[in-house]
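Colleague: The structure follows.
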Amino acid sequence: MTAYDIAGLHLEQAGTGGPLVLCLHGIGSSSAAFAPQLEALGRDFRVLAWDAPGYAKSADFEGELSLDDYADTAAAVIRAHGGRAHVLGVSWGGVIALRLATRHPDLVVSLTVADSTPGSGTSPGKAAGMRARVAELAQLGPRAFAEQRGPRLVSRQAPYELVQRVVDTMAGSIRLPGYAHAAESMAATDLRGELARVTAPALVLCGDQDRVTGPEASQVLAGGLHRTAYVIVKDAGHLANQEQPEHFNAWLLSHLHIVTNPETSKG
């Protein structure tokens with residue numbers, strides 16, 4: 001049983017045939033972050049992108065939600081839509097995806113983890129910084145919070161339109177208590193000891209100008225996973241999937257096709 005009823009979960013969908021792909025967004029975003037992937041993948045895959053519990057159009061949950069609860073909620077979505085899925089997670093979504101892969105390995109065909117981290121529990125300072133965001137959001141409100149944090153999620157060279165889209169998405173997606181549950185799930189997590197238990201083939205991507213988690217955190221993930229490829233996305237910040245969607249999607253589609261059709265991909 002999950003702590004969160006998926007009947008209250010909002011899902012954006014694309015595609016009507018092919019294998020299932022589930023997209024899990026970062027802590028300051030929503031399903032809107034995956035617009036470029038919904039369009040690109042929808043030709044060959046059935047794609048779902050969630051608004052995480054307590055985000056955007058998804059229902060709130062007043063109790064506590066741990067990382068296990070988010071992973072179990074994602075597992076319930078996969079079961080409700082076919083039973084197995086490729087999972088794409090960005091930042092916090094990547095942390096959820098990795099825990100999903102160790103708790104429910106039978107449901108995860110492959111992983112793509114972008115601009116992510118083993119969690120904020122890797123050091124007291126990172127954990128404290130993550131928890132401090134909750135009070136900051138409560139004090140500033142979603143719009144001012146987003147205007148302060150959003151621009152750092154892309155490179156310094158990102159076009160104004162992208163920066164505004166990122167800020168607007170964050171402002172329209174985050175609220176309490178959902179953000180507080182997410183922040184605590186990150187602050188309490190250190191995945192380094194369980195990466196070796198992930199059996200699904202994984203693609204780890206990171207923007208070369210990621211100022212939030214940085215390439216170093218992605219390298220830790222890639223180094224700890226057994227079946228993995230590691231790719232640096234040039235000219236991209238933390239939201240590489242939005243800032244360089246063509247390059248990101250090319251790597252993602254290549255990974256998905258190789259995993260889905262390993263024999264034909266050899267030629």
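In the structure tokens, each chain is lettered A, B, ... as it comes, each chain's residues begin at 1, and ligands are numbered from 1 in order of appearance.
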Quick one: which range 50-151 of chain A residues come within 9 Å of range 191-200 of chain A, and what is the nearest atom pair for each with the distance in Å to one decimal, counting only C-alpha atoms, rows ordered by chain and ascending number, as a tab-separated table?

Modeller:
residue	atom	partner	partner_atom	distance
A:Val95	CA	A:Leu191	CA	7.9
A:Leu98	CA	A:Val198	CA	7.3
A:Arg99	CA	A:Leu191	CA	7.9
A:Ala101	CA	A:Val198	CA	5.9
A:Thr102	CA	A:Val198	CA	5.5
A:Pro105	CA	A:Thr199	CA	7.0
A:Val108	CA	A:Ala200	CA	6.5
A:Val109	CA	A:Ala200	CA	6.0
A:Ser110	CA	A:Ala200	CA	5.0
A:Leu111	CA	A:Ala200	CA	6.5
A:Thr117	CA	A:Leu191	CA	8.4
A:Pro118	CA	A:Leu191	CA	4.7
A:Gly119	CA	A:Leu191	CA	6.3
A:Gly121	CA	A:Leu191	CA	8.5
A:Thr122	CA	A:Arg192	CA	8.2

Colleague: DSSP on the backbone, strand (DSSP E) only: what residues of range 60-224 of chain A does that give? Format it as an MDAnalysis selection string.

Modeller: chainID A and resid 85:90 108:114 202:207

Colleague: So which one's closest to Phe248 in chain A, A:Ala3, A:Val47, A:Leu41, A:Leu140? Using only C-alpha atoms, please.

Modeller: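 Nearest candidate to Phe248 in chain A out of A:Ala3, A:Val47, A:Leu41, A:Leu140: A:Leu41.
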
Colleague: Quick one: everything within 7 Å of Ile96 in chain A, counting only C-alpha atoms, minus sequence neighbours fewer than 3 positions away in the same chain. Send it as a list in words.

Modeller: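 Near neighbours after the sequence-gap exclusion: Leu67, Tyr70, Ala71, Trp92, Gly93, Arg99 and Leu100 of chain A.
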
Colleague: Write out as a tab-separated table (two decimals) with all heavy atoms, in the first residue's frame which residues come within 10 Å of range 125-127 of chain A when counting only C-alpha atoms, dropping same-chain ones fewer than 3 positions away.

Modeller:
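Contents of the output file out-v2.tsv:
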chain	number	residue	atom	x	y	z
A	119	GLY	N	21.27	12.18	-3.15
A	119	GLY	CA	20.43	12.71	-2.08
A	119	GLY	C	21.16	13.79	-1.31
A	119	GLY	O	22.39	13.92	-1.41
A	120	SER	N	20.42	14.55	-0.52
A	120	SER	CA	21.03	15.62	0.27
A	120	SER	C	21.52	15.14	1.63
A	120	SER	O	22.12	15.91	2.38
A	120	SER	CB	20.02	16.76	0.48
A	120	SER	OG	19.62	17.29	-0.77
A	121	GLY	N	21.28	13.86	1.94
A	121	GLY	CA	21.75	13.31	3.20
A	121	GLY	C	23.20	12.88	3.16
A	121	GLY	O	23.69	12.27	4.11
A	122	THR	N	23.92	13.21	2.08
A	122	THR	CA	25.33	12.85	1.98
A	122	THR	C	26.21	13.71	2.87
A	122	THR	O	27.37	13.36	3.11
A	122	THR	CB	25.81	12.97	0.52
A	122	THR	OG1	25.50	14.28	0.03
A	122	THR	CG2	25.13	11.93	-0.36
A	130	MET	N	18.80	21.86	2.42
A	130	MET	CA	17.54	21.41	1.81
A	130	MET	C	16.37	21.71	2.73
A	130	MET	O	15.32	22.20	2.29
A	130	MET	CB	17.63	19.92	1.51
A	130	MET	CG	16.39	19.34	0.83
A	130	MET	SD	15.94	20.14	-0.73
A	130	MET	CE	17.30	19.61	-1.78
A	131	ARG	N	16.53	21.42	4.01
A	131	ARG	CA	15.44	21.68	4.96
A	131	ARG	C	15.16	23.17	5.11
A	131	ARG	O	14.01	23.58	5.33
A	131	ARG	CB	15.77	21.05	6.32
A	131	ARG	CG	15.77	19.52	6.30
A	131	ARG	CD	16.04	18.93	7.68
A	131	ARG	NE	15.84	17.49	7.68
A	131	ARG	CZ	16.81	16.58	7.81
A	131	ARG	NH1	18.08	16.98	7.97
A	131	ARG	NH2	16.54	15.30	7.78
A	132	ALA	N	16.18	24.00	4.97
A	132	ALA	CA	16.01	25.45	5.11
A	132	ALA	C	15.13	26.03	4.00
A	132	ALA	O	14.53	27.10	4.16
A	132	ALA	CB	17.36	26.15	5.12
A	183	ALA	N	11.35	18.06	0.20
A	183	ALA	CA	12.63	18.50	0.76
A	183	ALA	C	13.11	17.55	1.84
A	183	ALA	O	14.30	17.21	1.91
A	183	ALA	CB	12.50	19.92	1.30
A	184	GLU	N	12.21	17.10	2.70
A	184	GLU	CA	12.61	16.17	3.77
A	184	GLU	C	13.03	14.82	3.18
A	184	GLU	O	13.98	14.19	3.68
A	184	GLU	CB	11.47	15.98	4.76
A	184	GLU	CG	11.81	15.06	5.93
A	184	GLU	CD	13.02	15.51	6.73
A	184	GLU	OE1	13.27	16.73	6.83
A	184	GLU	OE2	13.75	14.62	7.23
A	185	SER	N	12.35	14.38	2.13
A	185	SER	CA	12.74	13.11	1.50
A	185	SER	C	14.15	13.19	0.94
A	185	SER	O	14.90	12.20	0.97
A	185	SER	CB	11.75	12.73	0.39
A	185	SER	OG	11.95	13.48	-0.80
A	186	MET	N	14.55	14.36	0.45
A	186	MET	CA	15.91	14.54	-0.03
A	186	MET	C	16.91	14.66	1.13
A	186	MET	O	17.98	14.05	1.10
A	186	MET	CB	15.99	15.80	-0.90
A	186	MET	CG	15.45	15.62	-2.30
A	186	MET	SD	16.52	14.58	-3.33
A	186	MET	CE	17.83	15.74	-3.72
A	187	ALA	N	16.54	15.42	2.15
A	187	ALA	CA	17.45	15.65	3.27
A	187	ALA	C	17.76	14.36	4.03
A	187	ALA	O	18.85	14.22	4.61
A	187	ALA	CB	16.85	16.68	4.22
A	188	ALA	N	16.83	13.42	4.01
A	188	ALA	CA	17.00	12.17	4.76
A	188	ALA	C	17.65	11.06	3.93
A	188	ALA	O	17.78	9.94	4.42
A	188	ALA	CB	15.64	11.70	5.27
A	189	THR	N	18.07	11.35	2.71
A	189	THR	CA	18.49	10.30	1.79
A	189	THR	C	19.95	10.39	1.40
A	189	THR	O	20.46	11.46	1.05
A	189	THR	CB	17.62	10.34	0.51
A	189	THR	OG1	16.26	10.05	0.85
A	189	THR	CG2	18.10	9.34	-0.53
A	190	ASP	N	20.62	9.23	1.43
A	190	ASP	CA	21.96	9.04	0.88
A	190	ASP	C	21.95	7.70	0.15
A	190	ASP	O	21.96	6.63	0.78
A	190	ASP	CB	23.00	9.04	2.00
A	190	ASP	CG	24.41	8.82	1.48
A	190	ASP	OD1	24.58	8.58	0.27
A	190	ASP	OD2	25.36	8.88	2.30

Colleague: Compile a residue-level contact table for range 101-148 of chain A against range 222-241 of chain A at a cut-off of 9 Å, reporting for every qualifying residue the shortest atom pair and its distance in Å to one decimal, with only C-alpha atoms counted, rows ordered by chain and ascending number, as a Markdown table.

Modeller:
| residue | atom | partner | partner_atom | distance |
| --- | --- | --- | --- | --- |
| A:Ala114 | CA | A:Ala240 | CA | 7.6 |
| A:Asp115 | CA | A:His238 | CA | 5.8 |
| A:Ser116 | CA | A:His238 | CA | 8.7 |

Colleague: With C-alpha atoms kept, could you save the residues just selected as an mmCIF file, in the first residue's frame?

Modeller:
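New file result.cif:
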data_model
loop_
_atom_site.group_PDB
_atom_site.id
_atom_site.type_symbol
_atom_site.label_atom_id
_atom_site.label_comp_id
_atom_site.auth_asym_id
_atom_site.auth_seq_id
_atom_site.Cartn_x
_atom_site.Cartn_y
_atom_site.Cartn_z
ATOM 1 C CA ALA A 114 19.514 13.490 -15.328
ATOM 2 C CA ASP A 115 21.325 16.153 -13.297
ATOM 3 C CA SER A 116 20.690 14.205 -10.139
#

Colleague: Leaving out Leu176 in chain A and any residue of its chain fewer than 2 positions from it, which residues lie within 8 Å of it when counting only C-alpha atoms, given as JSON, numbers by chain?

Modeller: {"A": [54, 138, 174, 178, 179, 180]}

Colleague: Step one, run DSSP on the backbone; step two, keep only residues of range 30-239 of chain A assigned to helix (DSSP H, G or I); then write them as a PyMOL selection string.

Modeller: chain A and resi 31-41+67-80+92-103+105-107+120-122+124-140+142-153+160-173+178-187+191-193+195-197+214-224

Colleague: I'd like a table as a tab-separated table: residues in range 10-103 of chain A with an atom no more than 10 Å from range 151-167 of chain A, each row giving the shortest atom pair and its distance in Å to one decimal, only C-alpha atoms counted, sorted by chain and rising residue number.

Modeller:
residue	atom	partner	partner_atom	distance
A:Gly28	CA	A:Val166	CA	9.1
A:Ser29	CA	A:Val166	CA	8.0
A:Ala32	CA	A:Val166	CA	9.3
A:Ala33	CA	A:Val166	CA	8.0

Colleague: I want to know what sits within 7 Å of Leu11 in chain A, based on only C-alpha atoms, with residues of the same chain fewer than 2 positions away left out; could you give that as a tab-separated table (two decimals) with N, CA and C atoms, in the first residue's frame?

Modeller:
chain	number	residue	atom	x	y	z
A	9	LEU	N	-3.56	11.93	-8.40
A	9	LEU	CA	-2.32	12.29	-9.10
A	9	LEU	C	-2.64	12.76	-10.52
A	13	GLN	N	0.07	13.00	-20.62
A	13	GLN	CA	0.28	11.80	-21.41
A	13	GLN	C	0.55	12.14	-22.87
A	48	LEU	N	4.18	9.06	-19.77
A	48	LEU	CA	3.46	9.68	-18.66
A	48	LEU	C	4.43	10.58	-17.90
A	49	ALA	N	4.00	11.78	-17.57
A	49	ALA	CA	4.78	12.69	-16.73
A	49	ALA	C	3.88	13.12	-15.58
A	50	TRP	N	4.33	12.85	-14.36
A	50	TRP	CA	3.46	13.18	-13.23
A	50	TRP	C	3.69	14.58	-12.68
A	51	ASP	N	2.65	15.14	-12.06
A	51	ASP	CA	2.81	16.17	-11.04
A	51	ASP	C	2.93	15.40	-9.74

Colleague: Hey, can you check how far CA of Gly150 in chain A sits from CA of Ala135 in chain A?

Modeller: 17.2 Å

Colleague: Restricting the calculation to only C-alpha atoms: of A:His247, A:His86, A:Arg211, A:His181, which residue gets closest to Phe61 in chain A?

Modeller: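 Of the candidates, the smallest distance to Phe61 in chain A is held by A:His181.
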
Colleague: Can you measure CA of Gly129 in chain A to CA of Thr213 in chain A for me? One decimal in Å is fine.

Modeller: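 So the answer is 12.8 Å.
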
Colleague: Between CA of Ala56 in chain A and CA of Leu205 in chain A, what distance in Å does the model show, to one decimal?

Modeller: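 For CA of Ala56 in chain A relative to CA of Leu205 in chain A, the distance reads 25.7 Å.
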